[in-house]
Amino acid sequence: MLFGLDGVEIGLIIVFVCLFGGILSGFPVAFAIGGAGVVSFGIIAVLDSTGILVHQAIDTTSQMYKELLASGVKADQISTFRYPDLPRIIEPLFKGGWETALERNISFIVNRINERVLAGQSIEVLLAVLMFVLMGITLERSKIANDLLTTMARVFGPLPGGLAVSVVVVGAFLAASTGIVGATVVTMGLLSLPTMLRNGYSPELSTGVIAASGTLGQIIPPSIVIVLLGTLTGDLYSAAQEARAQSMGCTDALTYLGKPAVVSVGSLFQAALLPGIMLALLYAIYAFGYALLNPSKAPAVTGEVMDTKTGTAQQSLTWFVYVPVGIIGAAILLNMGGISGSQSIYVESYSDIGQEASLRTNVSEECQQSMIELHGQEAWDKAIAQQVAIDASGGVAESEKRSDEEIADLVAEKIASAPPIGTGILVLFVLSAIVLSFAKGVAPNLDQKLLLVGGLGTALLLVFDIVLIKPDASASMTWALLALPVILILYSSKTAVSRLAENELLRVVFPPLVLIVAVLGSILGGITNPTPAAALGAAGAIMLAAYRKLKETDRSGKFIINATFALIIMLLVGINFDLRINTEQVSLESWVAFFVAYGAYLTAIIGLIYACWVLYAAGVMTSVVQETSKVTTMVFAILIGSQLLNLVVISFGGEHYIQQFLRSFDSEVTVFLIVMLVLFILGFVLDFLEIIYIVIPIVGPVIYGGTFDPLWVTIMVAINLQTSFLTPPFGFALFYLRGVAPKSVTTGHIYRGVVPFVLIQIIGLTMLYFAPSIVTIVPQLLGGN
């Protein structure tokens, strides 16, 4: 043994030395990772073939090993870490020689590239990375950050530490609209850092809050980190739970867990929402507290006051806070009270399959005992009682074709039990009422007659839905009956929108806010998966940027606005009407709806093409495409290189060795804390992409193979990875900020400035550790996996 170390341990050291050396060499990271894999494999292969590196494996033929198995210890629990006194045998690192390992690695890397990069199941999810990057870079080029920073600084500036708080708010806003750390940090560094320094803010607080706020894009959805983690988490969790179930004597994870072992990117977005907001609040609280304790280093700024024309403070609170909160609260109460809800009367032609027991009970004795330990005796007894009742009734009922009479009876039951107010009508009521409330608030002293007309139309929406519209009314009949209130609402909308446009804060915040709500709402609400939502966001960002560019050059943006409304019409028609025209019988209503939707689709597509042309003519689209290509190419290149490095580690048993070490600890908590500590330390020298693709696949089978909620584990890892952007000496956010900071700001200022925010990250992780419901409550409410 060389230096008294096992050959696998030396192999791991060689791999990490080559990796760090490659990264520090100055070569592009993607090539450095792949090169580190090739070089380290060559060095280990030479040392192995000369007999210098050997592995001490447990002798499975020894009497002590057989006695352990006879005592009930499972084979996968036996390792040199748990039982160091077991007899061992000397083996080469590469079983069958390095030639066999090389051939296997080449075969594996081709298969993995095909599965994860070219044509695998995860490629659709990875396409969301491309779309989100395009969305973020387009919005960054549209000067949204400039307007937001200027506006928020005027809102929060008069408060102690107000400029720092405004940076946090804008950072959170850009995180939800761009999700790109580099663009956010550079933009805010260029725009806000000189202003903060000029107004007497300390360099430490200024640089720290900019760097930290810029990294919020790594956790607040839509986050590229979460998309990339999600592509790994699903496979890791599923495989780890399958292995866990089989080790417990069960046939599969579904039997053992009582539910599918599935994690989706959409559910991870839901889980990340509150933790991301929590971190932003912690940053803002620190900035405000720092200003109170050190007023000379974060003074209030009394600059130009915004001409918002919102009247008195009491009027602003009434129309911007009290009334909207009351409207939303009333809608929630209506929904909870059964007065509002789905009015669908659709009935399947076939009956439902009978309800199964909550747990599978036809299992082996070993699996039964394991399931009782996991779920509890009460849950097992309940499942037994359910199964007895099912067997007594003849077993689980099979699906059968329903007769016309049965379908008619079920439809009648649904009509009788349907709530009086439909969900769509309630949503339209809430949106209209809030817009009218805001329009009243921005100009409370102007003539309100037209707004009252809109308020009447909004109220008639509910009245007509309750009195005139029955659940079995067709979509065309529904819209015909709602024509009067809709016309009244649209008639007042012109006045409401024009007043909102005169308010500087709403004019700056509203367009990107609508885009964020559209993208995140479709994902968090389960309407679609991240890839189509990202495509919607990218298209919306292009149209928003083109509209701004047209306004800057005093050209009309009506065509872009019309295309946006056409997109809304297309979505509304698609939701409310049956657009299938390839069936045997197609109603006139469906044909009309189809042509309306198709016309709206063509208008939206032409508007998008026109928007692309506007940006191309202005020289924006070229830079957007180039930057998007650079970022996405880097991500996929690192993915390929990391696969090669992982296969090298696997080929000489390094992955199995690390997993055995982690499993040697009896406490699952201890293992998780060790992994989190290692990830935190690696964040000082590695980027989040390297950690995701190199480290997570190695430790994932251990941390996802226990009892912890996979959503909670993934979000904890994501926040830990977010810290890697802030930790000296190689935190990327620090480099981004250093590149745009004035000469008066030193690297020492930046390093000292981020230390409190790294501590805040640790505090945030601690809060999530002791209160995991912060992560899980939103997926539970929204029904995420």
# chains A, B, ... in the order shown; residues from 1 in each chain; ligands from 1
$ residues_around --residues "Pro222 of chain A" --least-positions-apart "4" --cutoff "10 Å" --atoms "only C-alpha atoms" --output "VMD selection string"
chain A and resid 128 to 129 132 136 175 to 180 217 to 218 226 to 227 266 269 to 270 272 to 273 516 519 to 520 523 530 533 to 534
$ write_last_selection --atoms "N, CA and C atoms" --output "compact mmCIF listing (two decimals), in the first residue's frame"
# COMPACT_ATOMS: atom_id res chain seq x y z
N ALA A 128 -35.63 23.53 -20.92
CA ALA A 128 -36.10 24.67 -20.13
C ALA A 128 -34.95 25.57 -19.75
N VAL A 129 -33.75 24.99 -19.56
CA VAL A 129 -32.57 25.81 -19.26
C VAL A 129 -32.32 26.79 -20.39
N PHE A 132 -35.12 29.51 -20.30
CA PHE A 132 -34.99 30.43 -19.16
C PHE A 132 -33.79 31.36 -19.35
N GLY A 136 -34.07 35.33 -19.53
CA GLY A 136 -33.32 36.20 -18.63
C GLY A 136 -32.44 37.20 -19.34
N ALA A 175 -34.51 37.82 -9.95
CA ALA A 175 -34.35 36.38 -9.78
C ALA A 175 -35.54 35.63 -10.36
N ALA A 176 -36.75 36.19 -10.13
CA ALA A 176 -37.95 35.54 -10.63
C ALA A 176 -38.15 35.76 -12.12
N SER A 177 -37.46 36.74 -12.69
CA SER A 177 -37.66 37.03 -14.11
C SER A 177 -36.47 36.63 -14.97
N THR A 178 -35.27 36.52 -14.38
CA THR A 178 -34.10 36.15 -15.17
C THR A 178 -33.44 34.88 -14.69
N GLY A 179 -33.17 34.79 -13.38
CA GLY A 179 -32.54 33.59 -12.84
C GLY A 179 -31.08 33.43 -13.21
N ILE A 180 -30.43 34.47 -13.73
CA ILE A 180 -29.02 34.39 -14.14
C ILE A 180 -28.19 35.25 -13.22
N GLY A 217 -31.30 34.41 -7.72
CA GLY A 217 -31.78 33.72 -8.91
C GLY A 217 -31.49 32.24 -8.91
N GLN A 218 -30.61 31.79 -8.00
CA GLN A 218 -30.29 30.37 -7.91
C GLN A 218 -31.34 29.59 -7.13
N ILE A 226 -32.30 24.68 -9.96
CA ILE A 226 -33.35 23.72 -9.61
C ILE A 226 -33.71 22.86 -10.82
N VAL A 227 -33.70 23.44 -12.01
CA VAL A 227 -33.96 22.64 -13.20
C VAL A 227 -32.90 21.56 -13.35
N GLY A 266 -41.37 20.68 -11.45
CA GLY A 266 -42.46 21.55 -11.04
C GLY A 266 -42.67 21.56 -9.54
N PHE A 269 -39.96 23.58 -7.93
CA PHE A 269 -40.25 25.01 -8.02
C PHE A 269 -41.21 25.43 -6.92
N GLN A 270 -42.24 24.62 -6.69
CA GLN A 270 -43.19 24.92 -5.62
C GLN A 270 -42.48 24.95 -4.27
N ALA A 272 -39.36 25.59 -3.64
CA ALA A 272 -38.34 26.63 -3.51
C ALA A 272 -38.93 28.02 -3.31
N LEU A 273 -40.23 28.17 -3.50
CA LEU A 273 -40.82 29.52 -3.49
C LEU A 273 -40.66 30.20 -2.13
N ILE A 516 -43.85 37.18 -15.07
CA ILE A 516 -43.48 36.26 -13.99
C ILE A 516 -44.67 35.44 -13.53
N VAL A 519 -45.51 32.75 -16.14
CA VAL A 519 -44.57 31.63 -16.18
C VAL A 519 -44.67 30.79 -14.91
N LEU A 520 -44.52 31.45 -13.76
CA LEU A 520 -44.55 30.70 -12.50
C LEU A 520 -45.94 30.16 -12.21
N ILE A 523 -46.55 26.94 -13.92
CA ILE A 523 -45.78 25.83 -13.35
C ILE A 523 -46.30 25.46 -11.97
N PRO A 530 -42.26 22.77 -16.78
CA PRO A 530 -41.38 23.94 -16.93
C PRO A 530 -40.98 24.28 -18.35
N ALA A 533 -43.64 26.38 -20.16
CA ALA A 533 -43.71 27.65 -19.42
C ALA A 533 -42.49 28.51 -19.72
N ALA A 534 -41.32 27.88 -19.82
CA ALA A 534 -40.11 28.63 -20.16
C ALA A 534 -40.20 29.19 -21.57
$ select_by_dssp --residues "segment 435-628 of chain A" --states "helix (DSSP H, G or I)" --output "ChimeraX atom specification"
/A:435-442,449-467,475-481,483-502,504-524,530-552,558-576,588-617,620-628
$ atom_distance --atom1 "atom CA of Ile489 of chain A" --atom2 "atom CA of Phe565 of chain A"
15.7 Å
$ closest_residue --among "A:Asp465, A:Asp147, A:Asp235, A:Glu242" --to "Pro419 of chain A" --atoms "only C-alpha atoms"
A:Asp465
$ closest_residue --among "A:Leu737, A:Ile10, A:Ile144, A:Leu711" --to "Val778 of chain A" --atoms "only C-alpha atoms"
A:Leu711
$ atom_distance --atom1 "atom CA of Thr766 of chain A" --atom2 "atom CA of Phe684 of chain A"
19.5 Å
$ residues_around --residues "Leu452 of chain A" --least-positions-apart "3" --cutoff "10 Å" --atoms "only C-alpha atoms" --output "list in words"
Leu436, Lys440, Asp447, Gln448, Lys449, Gly455, Leu456, Gly457, Thr458, Leu488, Ile489 and Ser492 of chain A
$ closest_residue --among "A:Leu292, A:Ala211, A:Val573, A:Ile605" --to "Leu536 of chain A" --atoms "only C-alpha atoms"
A:Ile605
$ residues_around --residues "Pro203 of chain A" --least-positions-apart "2" --cutoff "9 Å" --atoms "only C-alpha atoms" --output "count of residues only"
16
$ atom_distance --atom1 "atom CA of Ala30 of chain A" --atom2 "atom CA of Ser629 of chain A"
14.5 Å
$ decode --residues "segment 15-52 of chain A" --atoms "N, CA and C atoms" --output "compact mmCIF listing (two decimals), in the first residue's frame"
# COMPACT_ATOMS: atom_id res chain seq x y z
N VAL A 15 -7.80 12.05 -8.63
CA VAL A 15 -8.90 12.65 -9.40
C VAL A 15 -9.13 14.10 -8.97
N PHE A 16 -9.19 14.34 -7.66
CA PHE A 16 -9.49 15.70 -7.18
C PHE A 16 -8.31 16.64 -7.42
N VAL A 17 -7.08 16.15 -7.32
CA VAL A 17 -5.94 17.00 -7.62
C VAL A 17 -5.96 17.40 -9.10
N CYS A 18 -6.25 16.43 -9.97
CA CYS A 18 -6.33 16.74 -11.40
C CYS A 18 -7.47 17.72 -11.69
N LEU A 19 -8.59 17.53 -10.99
CA LEU A 19 -9.73 18.41 -11.20
C LEU A 19 -9.41 19.84 -10.79
N PHE A 20 -8.89 20.02 -9.58
CA PHE A 20 -8.55 21.36 -9.11
C PHE A 20 -7.44 21.98 -9.96
N GLY A 21 -6.47 21.15 -10.34
CA GLY A 21 -5.40 21.66 -11.19
C GLY A 21 -5.92 22.12 -12.54
N GLY A 22 -6.85 21.35 -13.11
CA GLY A 22 -7.43 21.74 -14.39
C GLY A 22 -8.22 23.02 -14.30
N ILE A 23 -8.99 23.18 -13.21
CA ILE A 23 -9.79 24.39 -13.04
C ILE A 23 -8.89 25.61 -12.85
N LEU A 24 -7.81 25.44 -12.06
CA LEU A 24 -6.92 26.57 -11.79
C LEU A 24 -5.97 26.86 -12.95
N SER A 25 -5.93 25.95 -13.94
CA SER A 25 -4.99 26.13 -15.04
C SER A 25 -5.38 27.26 -15.98
N GLY A 26 -6.63 27.68 -15.91
CA GLY A 26 -7.09 28.75 -16.79
C GLY A 26 -7.84 28.25 -18.00
N PHE A 27 -7.83 26.92 -18.23
CA PHE A 27 -8.62 26.38 -19.33
C PHE A 27 -10.10 26.53 -19.03
N PRO A 28 -10.95 26.57 -20.06
CA PRO A 28 -12.40 26.59 -19.81
C PRO A 28 -12.82 25.43 -18.92
N VAL A 29 -13.73 25.71 -18.00
CA VAL A 29 -14.10 24.71 -16.99
C VAL A 29 -14.60 23.43 -17.64
N ALA A 30 -15.40 23.55 -18.70
CA ALA A 30 -15.96 22.35 -19.33
C ALA A 30 -14.85 21.43 -19.83
N PHE A 31 -13.80 22.02 -20.43
CA PHE A 31 -12.68 21.20 -20.94
C PHE A 31 -11.80 20.73 -19.79
N ALA A 32 -11.68 21.54 -18.75
CA ALA A 32 -10.85 21.16 -17.61
C ALA A 32 -11.42 19.93 -16.91
N ILE A 33 -12.74 19.85 -16.79
CA ILE A 33 -13.35 18.70 -16.11
C ILE A 33 -13.13 17.43 -16.92
N GLY A 34 -13.43 17.48 -18.22
CA GLY A 34 -13.21 16.30 -19.06
C GLY A 34 -11.74 15.93 -19.11
N GLY A 35 -10.86 16.94 -19.22
CA GLY A 35 -9.42 16.65 -19.24
C GLY A 35 -8.95 16.05 -17.95
N ALA A 36 -9.50 16.52 -16.83
CA ALA A 36 -9.14 15.93 -15.53
C ALA A 36 -9.51 14.46 -15.47
N GLY A 37 -10.65 14.10 -16.08
CA GLY A 37 -11.04 12.70 -16.12
C GLY A 37 -10.07 11.85 -16.92
N VAL A 38 -9.68 12.35 -18.09
CA VAL A 38 -8.76 11.60 -18.95
C VAL A 38 -7.38 11.46 -18.29
N VAL A 39 -6.84 12.57 -17.76
CA VAL A 39 -5.51 12.54 -17.15
C VAL A 39 -5.49 11.66 -15.91
N SER A 40 -6.49 11.81 -15.04
CA SER A 40 -6.51 11.01 -13.83
C SER A 40 -6.66 9.53 -14.13
N PHE A 41 -7.47 9.19 -15.15
CA PHE A 41 -7.60 7.78 -15.52
C PHE A 41 -6.27 7.22 -16.00
N GLY A 42 -5.55 8.01 -16.80
CA GLY A 42 -4.26 7.55 -17.29
C GLY A 42 -3.27 7.32 -16.15
N ILE A 43 -3.19 8.25 -15.20
CA ILE A 43 -2.26 8.10 -14.07
C ILE A 43 -2.63 6.88 -13.23
N ILE A 44 -3.92 6.73 -12.92
CA ILE A 44 -4.35 5.59 -12.09
C ILE A 44 -4.11 4.28 -12.83
N ALA A 45 -4.36 4.26 -14.16
CA ALA A 45 -4.16 3.04 -14.93
C ALA A 45 -2.69 2.62 -14.92
N VAL A 46 -1.77 3.58 -15.05
CA VAL A 46 -0.34 3.26 -15.02
C VAL A 46 0.06 2.71 -13.65
N LEU A 47 -0.35 3.39 -12.58
CA LEU A 47 -0.01 2.94 -11.23
C LEU A 47 -0.64 1.59 -10.91
N ASP A 48 -1.84 1.34 -11.44
CA ASP A 48 -2.50 0.06 -11.19
C ASP A 48 -1.82 -1.07 -11.94
N SER A 49 -1.46 -0.83 -13.20
CA SER A 49 -0.84 -1.89 -14.00
C SER A 49 0.55 -2.25 -13.50
N THR A 50 1.23 -1.31 -12.83
CA THR A 50 2.55 -1.62 -12.27
C THR A 50 2.47 -2.22 -10.87
N GLY A 51 1.25 -2.33 -10.33
CA GLY A 51 1.08 -2.94 -9.01
C GLY A 51 1.31 -2.00 -7.85
N ILE A 52 1.48 -0.71 -8.14
CA ILE A 52 1.71 0.24 -7.06
C ILE A 52 0.42 0.50 -6.28
